[in-house]
Structure formats: C-alpha cells, structure tokens
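Structure file target36.txt (compact mmCIF, N, CA and C atoms) is printed below.
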```txt
# COMPACT_ATOMS: atom_id res chain seq x y z
N MET A 1 42.83 -11.25 -62.35
CA MET A 1 43.24 -12.12 -61.26
C MET A 1 43.42 -13.52 -61.82
N SER A 2 44.53 -14.14 -61.45
CA SER A 2 44.79 -15.48 -61.95
C SER A 2 43.88 -16.49 -61.27
N ARG A 3 43.69 -17.63 -61.96
CA ARG A 3 42.85 -18.68 -61.37
C ARG A 3 43.45 -19.19 -60.07
N ARG A 4 44.76 -19.31 -60.02
CA ARG A 4 45.42 -19.79 -58.82
C ARG A 4 45.16 -18.86 -57.63
N LEU A 5 45.30 -17.56 -57.84
CA LEU A 5 45.05 -16.58 -56.78
C LEU A 5 43.58 -16.58 -56.38
N ALA A 6 42.70 -16.65 -57.35
CA ALA A 6 41.26 -16.69 -57.05
C ALA A 6 40.92 -17.94 -56.25
N GLY A 7 41.52 -19.06 -56.63
CA GLY A 7 41.28 -20.31 -55.90
C GLY A 7 41.79 -20.23 -54.47
N ALA A 8 42.95 -19.63 -54.29
CA ALA A 8 43.53 -19.49 -52.95
C ALA A 8 42.66 -18.58 -52.10
N LEU A 9 42.18 -17.48 -52.66
CA LEU A 9 41.30 -16.58 -51.92
C LEU A 9 39.99 -17.26 -51.56
N GLY A 10 39.46 -18.04 -52.48
CA GLY A 10 38.22 -18.77 -52.21
C GLY A 10 38.41 -19.79 -51.10
N LEU A 11 39.53 -20.52 -51.12
CA LEU A 11 39.82 -21.51 -50.08
C LEU A 11 39.99 -20.83 -48.73
N THR A 12 40.66 -19.69 -48.71
CA THR A 12 40.84 -18.95 -47.47
C THR A 12 39.49 -18.52 -46.90
N ALA A 13 38.60 -18.05 -47.75
CA ALA A 13 37.27 -17.63 -47.29
C ALA A 13 36.49 -18.81 -46.73
N VAL A 14 36.57 -19.95 -47.41
CA VAL A 14 35.84 -21.14 -46.94
C VAL A 14 36.41 -21.61 -45.61
N LEU A 15 37.72 -21.68 -45.48
CA LEU A 15 38.34 -22.13 -44.23
C LEU A 15 38.05 -21.14 -43.11
N GLY A 16 38.07 -19.86 -43.40
CA GLY A 16 37.75 -18.85 -42.39
C GLY A 16 36.33 -18.99 -41.89
N ALA A 17 35.43 -19.36 -42.77
CA ALA A 17 34.03 -19.54 -42.37
C ALA A 17 33.87 -20.78 -41.49
N CYS A 18 34.76 -21.76 -41.63
CA CYS A 18 34.68 -22.98 -40.83
C CYS A 18 35.27 -22.80 -39.43
N ALA A 19 36.13 -21.82 -39.28
CA ALA A 19 36.78 -21.60 -37.98
C ALA A 19 35.74 -21.13 -36.97
N PRO A 20 35.84 -21.63 -35.73
CA PRO A 20 34.88 -21.19 -34.72
C PRO A 20 35.05 -19.70 -34.43
N ALA A 21 33.95 -19.04 -34.21
CA ALA A 21 33.99 -17.61 -33.91
C ALA A 21 34.60 -17.40 -32.53
N MET A 22 35.39 -16.35 -32.40
CA MET A 22 35.99 -16.03 -31.11
C MET A 22 34.95 -15.39 -30.21
N SER A 23 35.01 -15.73 -28.95
CA SER A 23 34.14 -15.06 -27.99
C SER A 23 34.69 -13.66 -27.75
N ASP A 24 33.88 -12.81 -27.13
CA ASP A 24 34.35 -11.45 -26.80
C ASP A 24 35.58 -11.51 -25.92
N LEU A 25 35.59 -12.44 -24.95
CA LEU A 25 36.74 -12.56 -24.05
C LEU A 25 37.97 -13.01 -24.84
N GLU A 26 37.82 -13.97 -25.74
CA GLU A 26 38.96 -14.42 -26.54
C GLU A 26 39.47 -13.30 -27.44
N ARG A 27 38.56 -12.52 -28.01
CA ARG A 27 38.96 -11.40 -28.85
C ARG A 27 39.75 -10.38 -28.03
N GLU A 28 39.29 -10.11 -26.81
CA GLU A 28 40.00 -9.17 -25.93
C GLU A 28 41.38 -9.71 -25.59
N VAL A 29 41.47 -11.00 -25.26
CA VAL A 29 42.75 -11.61 -24.92
C VAL A 29 43.70 -11.57 -26.10
N ALA A 30 43.20 -11.86 -27.30
CA ALA A 30 44.04 -11.89 -28.49
C ALA A 30 44.62 -10.52 -28.82
N SER A 31 43.99 -9.47 -28.35
CA SER A 31 44.47 -8.12 -28.66
C SER A 31 45.50 -7.61 -27.66
N ARG A 32 45.82 -8.41 -26.65
CA ARG A 32 46.77 -7.99 -25.61
C ARG A 32 47.98 -8.92 -25.56
N ASP A 33 48.99 -8.49 -24.83
CA ASP A 33 50.13 -9.35 -24.59
C ASP A 33 49.68 -10.52 -23.71
N VAL A 34 50.32 -11.67 -23.91
CA VAL A 34 50.00 -12.83 -23.09
C VAL A 34 50.59 -12.62 -21.70
N PRO A 35 49.80 -12.83 -20.65
CA PRO A 35 50.34 -12.67 -19.29
C PRO A 35 51.34 -13.78 -18.99
N THR A 36 52.17 -13.58 -18.02
CA THR A 36 53.09 -14.64 -17.62
C THR A 36 52.49 -15.50 -16.53
N ALA A 37 51.62 -14.93 -15.70
CA ALA A 37 50.99 -15.70 -14.62
C ALA A 37 49.73 -15.01 -14.12
N MET A 38 48.85 -15.81 -13.59
CA MET A 38 47.65 -15.31 -12.91
C MET A 38 47.55 -16.05 -11.59
N PHE A 39 46.82 -15.49 -10.64
CA PHE A 39 46.70 -16.10 -9.32
C PHE A 39 45.24 -16.33 -8.95
N VAL A 40 45.01 -17.45 -8.28
CA VAL A 40 43.72 -17.75 -7.65
C VAL A 40 44.02 -17.94 -6.18
N PHE A 41 43.26 -17.28 -5.33
CA PHE A 41 43.46 -17.41 -3.89
C PHE A 41 42.36 -18.27 -3.29
N PHE A 42 42.67 -18.89 -2.14
CA PHE A 42 41.78 -19.85 -1.51
C PHE A 42 41.42 -19.44 -0.10
N GLU A 43 40.28 -19.95 0.35
CA GLU A 43 39.87 -19.80 1.74
C GLU A 43 40.86 -20.58 2.60
N LYS A 44 41.01 -20.19 3.85
CA LYS A 44 41.95 -20.85 4.76
C LYS A 44 41.54 -22.31 4.97
N ASP A 45 42.53 -23.21 4.92
CA ASP A 45 42.35 -24.64 5.13
C ASP A 45 41.35 -25.26 4.16
N ALA A 46 41.17 -24.68 2.99
CA ALA A 46 40.15 -25.16 2.06
C ALA A 46 40.65 -25.22 0.62
N VAL A 47 39.91 -25.96 -0.17
CA VAL A 47 40.18 -26.05 -1.60
C VAL A 47 39.25 -25.12 -2.37
N ALA A 48 38.38 -24.44 -1.65
CA ALA A 48 37.44 -23.51 -2.27
C ALA A 48 38.12 -22.18 -2.57
N PRO A 49 38.12 -21.76 -3.85
CA PRO A 49 38.70 -20.46 -4.18
C PRO A 49 37.86 -19.32 -3.61
N VAL A 50 38.51 -18.18 -3.38
CA VAL A 50 37.80 -17.00 -2.90
C VAL A 50 36.93 -16.45 -4.02
N GLU A 51 36.01 -15.58 -3.63
CA GLU A 51 35.12 -14.95 -4.60
C GLU A 51 35.94 -14.18 -5.63
N GLY A 52 35.51 -14.24 -6.87
CA GLY A 52 36.21 -13.55 -7.94
C GLY A 52 37.15 -14.44 -8.73
N SER A 53 37.35 -15.65 -8.28
CA SER A 53 38.28 -16.56 -8.95
C SER A 53 37.77 -17.05 -10.30
N GLU A 54 36.46 -17.07 -10.46
CA GLU A 54 35.88 -17.54 -11.72
C GLU A 54 36.39 -16.71 -12.90
N ALA A 55 36.50 -15.41 -12.71
CA ALA A 55 36.97 -14.52 -13.78
C ALA A 55 38.41 -14.85 -14.17
N VAL A 56 39.24 -15.17 -13.18
CA VAL A 56 40.64 -15.53 -13.46
C VAL A 56 40.68 -16.82 -14.26
N LEU A 57 39.87 -17.79 -13.87
CA LEU A 57 39.85 -19.07 -14.59
C LEU A 57 39.29 -18.90 -16.00
N ASP A 58 38.27 -18.07 -16.16
CA ASP A 58 37.73 -17.80 -17.49
C ASP A 58 38.79 -17.16 -18.38
N ARG A 59 39.52 -16.19 -17.85
CA ARG A 59 40.55 -15.51 -18.63
C ARG A 59 41.69 -16.48 -18.98
N THR A 60 42.05 -17.33 -18.04
CA THR A 60 43.10 -18.33 -18.31
C THR A 60 42.67 -19.25 -19.44
N ALA A 61 41.44 -19.74 -19.39
CA ALA A 61 40.92 -20.61 -20.45
C ALA A 61 40.89 -19.87 -21.79
N ALA A 62 40.56 -18.58 -21.76
CA ALA A 62 40.53 -17.80 -22.99
C ALA A 62 41.92 -17.67 -23.60
N VAL A 63 42.93 -17.42 -22.77
CA VAL A 63 44.31 -17.34 -23.27
C VAL A 63 44.69 -18.66 -23.93
N LEU A 64 44.40 -19.75 -23.26
CA LEU A 64 44.77 -21.06 -23.80
C LEU A 64 43.95 -21.41 -25.04
N GLY A 65 42.75 -20.84 -25.16
CA GLY A 65 41.93 -21.07 -26.34
C GLY A 65 42.39 -20.28 -27.55
N VAL A 66 43.04 -19.16 -27.32
CA VAL A 66 43.48 -18.29 -28.41
C VAL A 66 44.86 -18.70 -28.92
N PHE A 67 45.76 -19.02 -28.03
CA PHE A 67 47.15 -19.31 -28.41
C PHE A 67 47.42 -20.80 -28.32
N ASP A 68 47.55 -21.46 -29.47
CA ASP A 68 47.73 -22.92 -29.46
C ASP A 68 49.16 -23.36 -29.13
N ASN A 69 50.06 -22.42 -28.94
CA ASN A 69 51.43 -22.77 -28.58
C ASN A 69 51.74 -22.46 -27.11
N ILE A 70 50.70 -22.11 -26.33
CA ILE A 70 50.87 -21.74 -24.92
C ILE A 70 50.22 -22.81 -24.04
N GLY A 71 50.92 -23.16 -22.98
CA GLY A 71 50.37 -24.06 -21.97
C GLY A 71 50.40 -23.37 -20.62
N VAL A 72 49.89 -24.05 -19.61
CA VAL A 72 49.88 -23.47 -18.27
C VAL A 72 50.34 -24.51 -17.26
N LYS A 73 51.19 -24.05 -16.36
CA LYS A 73 51.63 -24.86 -15.23
C LYS A 73 50.87 -24.36 -14.01
N VAL A 74 50.15 -25.26 -13.36
CA VAL A 74 49.36 -24.90 -12.18
C VAL A 74 50.16 -25.31 -10.95
N VAL A 75 50.45 -24.33 -10.10
CA VAL A 75 51.25 -24.58 -8.90
C VAL A 75 50.39 -24.26 -7.68
N GLY A 76 50.17 -25.27 -6.86
CA GLY A 76 49.39 -25.08 -5.64
C GLY A 76 50.29 -24.75 -4.46
N HIS A 77 49.84 -23.87 -3.60
CA HIS A 77 50.59 -23.46 -2.41
C HIS A 77 49.68 -23.52 -1.19
N LYS A 78 50.29 -23.48 -0.02
CA LYS A 78 49.55 -23.37 1.23
C LYS A 78 50.34 -22.48 2.17
N ALA A 79 49.63 -21.86 3.09
CA ALA A 79 50.27 -21.00 4.07
C ALA A 79 50.80 -21.84 5.23
N THR A 80 51.76 -21.30 5.96
CA THR A 80 52.35 -22.03 7.09
C THR A 80 51.36 -22.23 8.22
N ASP A 81 50.30 -21.42 8.27
CA ASP A 81 49.33 -21.56 9.35
C ASP A 81 48.11 -22.41 8.96
N GLU A 82 48.25 -23.19 7.90
CA GLU A 82 47.16 -24.06 7.45
C GLU A 82 47.48 -25.52 7.73
N ARG A 83 46.42 -26.32 7.76
CA ARG A 83 46.61 -27.77 7.94
C ARG A 83 47.34 -28.31 6.71
N SER A 84 47.97 -29.45 6.88
CA SER A 84 48.80 -29.96 5.79
C SER A 84 48.05 -30.73 4.73
N ASP A 85 46.91 -31.34 5.10
CA ASP A 85 46.19 -32.10 4.08
C ASP A 85 44.69 -32.02 4.30
N GLY A 86 44.00 -32.49 3.31
CA GLY A 86 42.56 -32.56 3.36
C GLY A 86 42.12 -33.84 2.69
N GLU A 87 41.45 -34.69 3.42
CA GLU A 87 40.96 -35.96 2.89
C GLU A 87 42.09 -36.80 2.31
N GLY A 88 43.22 -36.82 2.98
CA GLY A 88 44.34 -37.68 2.57
C GLY A 88 45.20 -37.13 1.46
N VAL A 89 44.89 -35.94 0.96
CA VAL A 89 45.68 -35.33 -0.12
C VAL A 89 46.28 -34.05 0.42
N ALA A 90 47.54 -33.81 0.12
CA ALA A 90 48.18 -32.57 0.55
C ALA A 90 47.37 -31.38 0.05
N LEU A 91 47.18 -30.38 0.89
CA LEU A 91 46.34 -29.23 0.57
C LEU A 91 46.82 -28.51 -0.69
N ASP A 92 48.12 -28.33 -0.83
CA ASP A 92 48.64 -27.64 -2.02
C ASP A 92 48.33 -28.43 -3.29
N GLU A 93 48.47 -29.75 -3.23
CA GLU A 93 48.16 -30.59 -4.39
C GLU A 93 46.67 -30.60 -4.69
N ALA A 94 45.85 -30.62 -3.65
CA ALA A 94 44.40 -30.59 -3.84
C ALA A 94 43.98 -29.27 -4.50
N ARG A 95 44.62 -28.18 -4.13
CA ARG A 95 44.31 -26.88 -4.75
C ARG A 95 44.71 -26.89 -6.23
N ALA A 96 45.88 -27.43 -6.52
CA ALA A 96 46.33 -27.50 -7.92
C ALA A 96 45.36 -28.36 -8.73
N ARG A 97 44.94 -29.49 -8.19
CA ARG A 97 43.98 -30.36 -8.90
C ARG A 97 42.65 -29.66 -9.12
N ALA A 98 42.20 -28.92 -8.12
CA ALA A 98 40.93 -28.19 -8.26
C ALA A 98 41.01 -27.19 -9.41
N LEU A 99 42.14 -26.52 -9.55
CA LEU A 99 42.29 -25.56 -10.64
C LEU A 99 42.38 -26.26 -11.99
N VAL A 100 43.08 -27.38 -12.04
CA VAL A 100 43.15 -28.16 -13.28
C VAL A 100 41.74 -28.61 -13.68
N ASN A 101 40.96 -29.10 -12.72
CA ASN A 101 39.59 -29.52 -13.01
C ASN A 101 38.73 -28.36 -13.49
N ALA A 102 38.90 -27.20 -12.87
CA ALA A 102 38.13 -26.03 -13.28
C ALA A 102 38.48 -25.61 -14.72
N LEU A 103 39.74 -25.72 -15.09
CA LEU A 103 40.14 -25.40 -16.46
C LEU A 103 39.60 -26.44 -17.43
N SER A 104 39.62 -27.69 -17.03
CA SER A 104 39.08 -28.76 -17.87
C SER A 104 37.59 -28.53 -18.15
N LYS A 105 36.85 -28.11 -17.14
CA LYS A 105 35.42 -27.82 -17.32
C LYS A 105 35.21 -26.65 -18.27
N ARG A 106 36.21 -25.83 -18.45
CA ARG A 106 36.12 -24.70 -19.38
C ARG A 106 36.65 -25.05 -20.76
N GLY A 107 36.91 -26.33 -20.99
CA GLY A 107 37.33 -26.79 -22.31
C GLY A 107 38.81 -26.80 -22.56
N VAL A 108 39.63 -26.58 -21.54
CA VAL A 108 41.07 -26.59 -21.72
C VAL A 108 41.55 -28.05 -21.79
N ALA A 109 42.31 -28.36 -22.83
CA ALA A 109 42.81 -29.73 -23.05
C ALA A 109 43.85 -30.09 -22.00
N ASP A 110 43.76 -31.31 -21.52
CA ASP A 110 44.72 -31.79 -20.51
C ASP A 110 46.17 -31.69 -20.98
N LYS A 111 46.39 -31.81 -22.28
CA LYS A 111 47.77 -31.82 -22.80
C LYS A 111 48.48 -30.47 -22.67
N VAL A 112 47.75 -29.40 -22.39
CA VAL A 112 48.40 -28.09 -22.24
C VAL A 112 48.50 -27.66 -20.79
N VAL A 113 48.15 -28.57 -19.86
CA VAL A 113 48.15 -28.24 -18.44
C VAL A 113 49.02 -29.23 -17.68
N SER A 114 49.85 -28.71 -16.79
CA SER A 114 50.60 -29.56 -15.85
C SER A 114 50.38 -28.97 -14.47
N SER A 115 50.59 -29.77 -13.44
CA SER A 115 50.38 -29.24 -12.08
C SER A 115 51.35 -29.84 -11.09
N ILE A 116 51.64 -29.06 -10.06
CA ILE A 116 52.47 -29.52 -8.95
C ILE A 116 52.02 -28.80 -7.67
N GLY A 117 52.38 -29.37 -6.56
CA GLY A 117 52.16 -28.73 -5.27
C GLY A 117 53.50 -28.28 -4.71
N GLN A 118 53.54 -27.08 -4.15
CA GLN A 118 54.78 -26.54 -3.60
C GLN A 118 54.76 -26.41 -2.09
N GLY A 119 53.65 -26.79 -1.46
CA GLY A 119 53.57 -26.65 -0.02
C GLY A 119 53.69 -25.20 0.39
N SER A 120 54.50 -24.94 1.41
CA SER A 120 54.69 -23.55 1.87
C SER A 120 56.13 -23.10 1.62
N THR A 121 56.79 -23.72 0.65
CA THR A 121 58.19 -23.40 0.38
C THR A 121 58.41 -22.08 -0.34
N GLU A 122 57.39 -21.56 -1.00
CA GLU A 122 57.54 -20.30 -1.74
C GLU A 122 56.62 -19.24 -1.15
N SER A 123 56.85 -18.94 0.11
CA SER A 123 56.02 -17.97 0.83
C SER A 123 56.24 -16.56 0.30
N MET A 124 55.12 -15.83 0.19
CA MET A 124 55.17 -14.42 -0.19
C MET A 124 54.69 -13.55 0.97
N ALA A 125 54.41 -14.17 2.11
CA ALA A 125 53.83 -13.45 3.26
C ALA A 125 54.73 -12.33 3.77
N ASP A 126 56.03 -12.56 3.85
CA ASP A 126 56.93 -11.52 4.35
C ASP A 126 56.87 -10.27 3.47
N ALA A 127 56.82 -10.47 2.17
CA ALA A 127 56.75 -9.34 1.24
C ALA A 127 55.40 -8.64 1.31
N ALA A 128 54.39 -9.33 1.87
CA ALA A 128 53.04 -8.75 2.00
C ALA A 128 52.78 -8.31 3.42
N GLY A 129 53.83 -7.97 4.16
CA GLY A 129 53.67 -7.47 5.52
C GLY A 129 53.21 -8.51 6.52
N GLY A 130 53.53 -9.78 6.23
CA GLY A 130 53.16 -10.86 7.14
C GLY A 130 51.78 -11.45 6.90
N ASP A 131 51.09 -11.00 5.88
CA ASP A 131 49.74 -11.50 5.55
C ASP A 131 49.85 -12.88 4.89
N THR A 132 49.52 -13.92 5.65
CA THR A 132 49.65 -15.29 5.13
C THR A 132 48.59 -15.65 4.09
N SER A 133 47.56 -14.82 3.93
CA SER A 133 46.53 -15.14 2.94
C SER A 133 47.11 -15.17 1.52
N VAL A 134 48.20 -14.47 1.26
CA VAL A 134 48.81 -14.49 -0.07
C VAL A 134 49.46 -15.83 -0.38
N ASP A 135 49.69 -16.64 0.66
CA ASP A 135 50.28 -17.95 0.45
C ASP A 135 49.23 -19.03 0.19
N ARG A 136 47.97 -18.70 0.38
CA ARG A 136 46.89 -19.64 0.07
C ARG A 136 46.49 -19.40 -1.38
N ARG A 137 47.32 -19.87 -2.29
CA ARG A 137 47.14 -19.51 -3.69
C ARG A 137 47.44 -20.66 -4.63
N GLY A 138 46.96 -20.47 -5.83
CA GLY A 138 47.34 -21.29 -6.96
C GLY A 138 47.87 -20.36 -8.02
N GLU A 139 49.00 -20.70 -8.57
CA GLU A 139 49.59 -19.89 -9.64
C GLU A 139 49.30 -20.57 -10.96
N LEU A 140 48.90 -19.79 -11.92
CA LEU A 140 48.67 -20.27 -13.28
C LEU A 140 49.75 -19.63 -14.14
N ILE A 141 50.81 -20.37 -14.41
CA ILE A 141 52.00 -19.83 -15.07
C ILE A 141 52.00 -20.25 -16.54
N PHE A 142 51.97 -19.26 -17.43
CA PHE A 142 51.93 -19.53 -18.86
C PHE A 142 53.33 -19.71 -19.41
N GLY A 143 53.45 -20.59 -20.40
CA GLY A 143 54.71 -20.80 -21.08
C GLY A 143 54.50 -21.50 -22.41
N ARG A 144 55.50 -21.42 -23.23
CA ARG A 144 55.44 -22.07 -24.54
C ARG A 144 55.43 -23.59 -24.39
N LEU A 145 54.60 -24.23 -25.17
CA LEU A 145 54.57 -25.69 -25.19
C LEU A 145 55.79 -26.20 -25.95
N PRO A 146 56.39 -27.27 -25.52
CA PRO A 146 57.56 -27.81 -26.23
C PRO A 146 57.22 -28.15 -27.68
N GLY A 147 58.11 -27.78 -28.57
CA GLY A 147 57.95 -28.12 -29.98
C GLY A 147 56.96 -27.25 -30.73
N ARG A 148 56.50 -26.18 -30.12
CA ARG A 148 55.53 -25.31 -30.84
C ARG A 148 56.05 -23.92 -30.99
```
Show how you would write the structure in this file as structure tokens.
Amino acid sequence: MSRRLAGALGLTAVLGACAPAMSDLEREVASRDVPTAMFVFFEKDAVAPVEGSEAVLDRTAAVLGVFDNIGVKVVGHKATDERSDGEGVALDEARARALVNALSKRGVADKVVSSIGQGSTESMADAAGGDTSVDRRGELIFGRLPGR
C-alpha cells in the first residue's frame, strides 16, 4: 500500500470518528426515500397540534438532519369554520410559526426553514367528504435548498 493511500485511509478514519453518530431515527430516515411532505393537524380554533404530532416533527427534524441539501417550507392552513386570528395573528400564520418553533427546538437551523400562511384557500375538505378537520393543518414540504 502506498503512503499516499495509507494516509488517505487514515484521514478518512479520523474524520469518520469525528462525525456525530446518527440516531436510530436518522439511520432509519437515511435508508428510505425522502418524503415530499408531511402533515401536522391542529385542534379547532387553536395553535395546539393534535396528539401524535410530535412524531411527525421528530421525523421532519431527522430528515433535515440527515440531508444537508434539503429544506422545508412550512405552510399553515385553517378551516373555513374557524376564527380568523388568535391574539392578533392570523391563525394560519400562527400555526406555521408554531411548527417552525417546534423544529427549531429540535435543532433544525433557521436557514433551512421558510414559512407562510395560506388561510383557507387550499381546502381539502371536499375531497375528504366535507370533513373540515383536514383543513386545520400545517404542511411540511421538503425541497432542495438553492445552490446545493
């Protein structure tokens, strides 16, 4: 083995040892295709996510932790039968902010997250048999970061 090859292998081993170990969730995510979107649903007229949302946020953070060229767009929605705002902030925007904050608490860098509120303009209730609870949602839409 040449000195150059031995040196390269040694450097690779040292750098690999410095890399943070992947969590079980990150390892699972890395072994699958990257999703295009995930959903978090909310209680009516509230910014509180429904039970089970923590797992979606954990998985979203894991995807963003594994793939450094992927970002997420957080889109907040509200149903037509909900109030329009809460504490002076539009409900859809407050939901989007809540999801951004939840991702931040999980270590997701602000530079890979963007957010917007869509109000009730993208209703899915008709497709769900008139169930407006599907419109009380936040969408976590994955996409390539510019320049990566």
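From atom CA of Glu26 of chain A back to atom CA of Glu43 of chain A, the distance works out to 28.8 Å.
We find atom CA of Ala79 of chain A and atom C of Glu139 of chain A to be spaced 15.1 Å apart.
The environment of Ile116 of chain A within 12 Å, counting only C-alpha atoms and disregarding residues fewer than 5 places along the same chain, consists of A:Val72, A:Lys73, A:Val74, A:Val75, A:Gly76, A:His77, A:Ala90, A:Leu91, A:Asp92, A:Glu93, A:Ala94, A:Arg95, A:Ala96, A:Arg97, A:Ala98, A:Leu99, A:Val100, A:Gly138, A:Glu139, A:Leu140, A:Ile141.
The gap separating atom CA of Gly71 of chain A from atom CA of Phe142 of chain A is 5.7 Å, in Å to one decimal.
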Practice task
Using only N, CA and C atoms, determine which residues lie at most 7 Å from segment 120-130 of chain A, disregarding the query and same-chain residues fewer than 3 positions distant; provide the list as a list in words.
Solution key: His77, Lys78, Ala79, Thr80, Ser133, Val134 and Asp135 of chain A
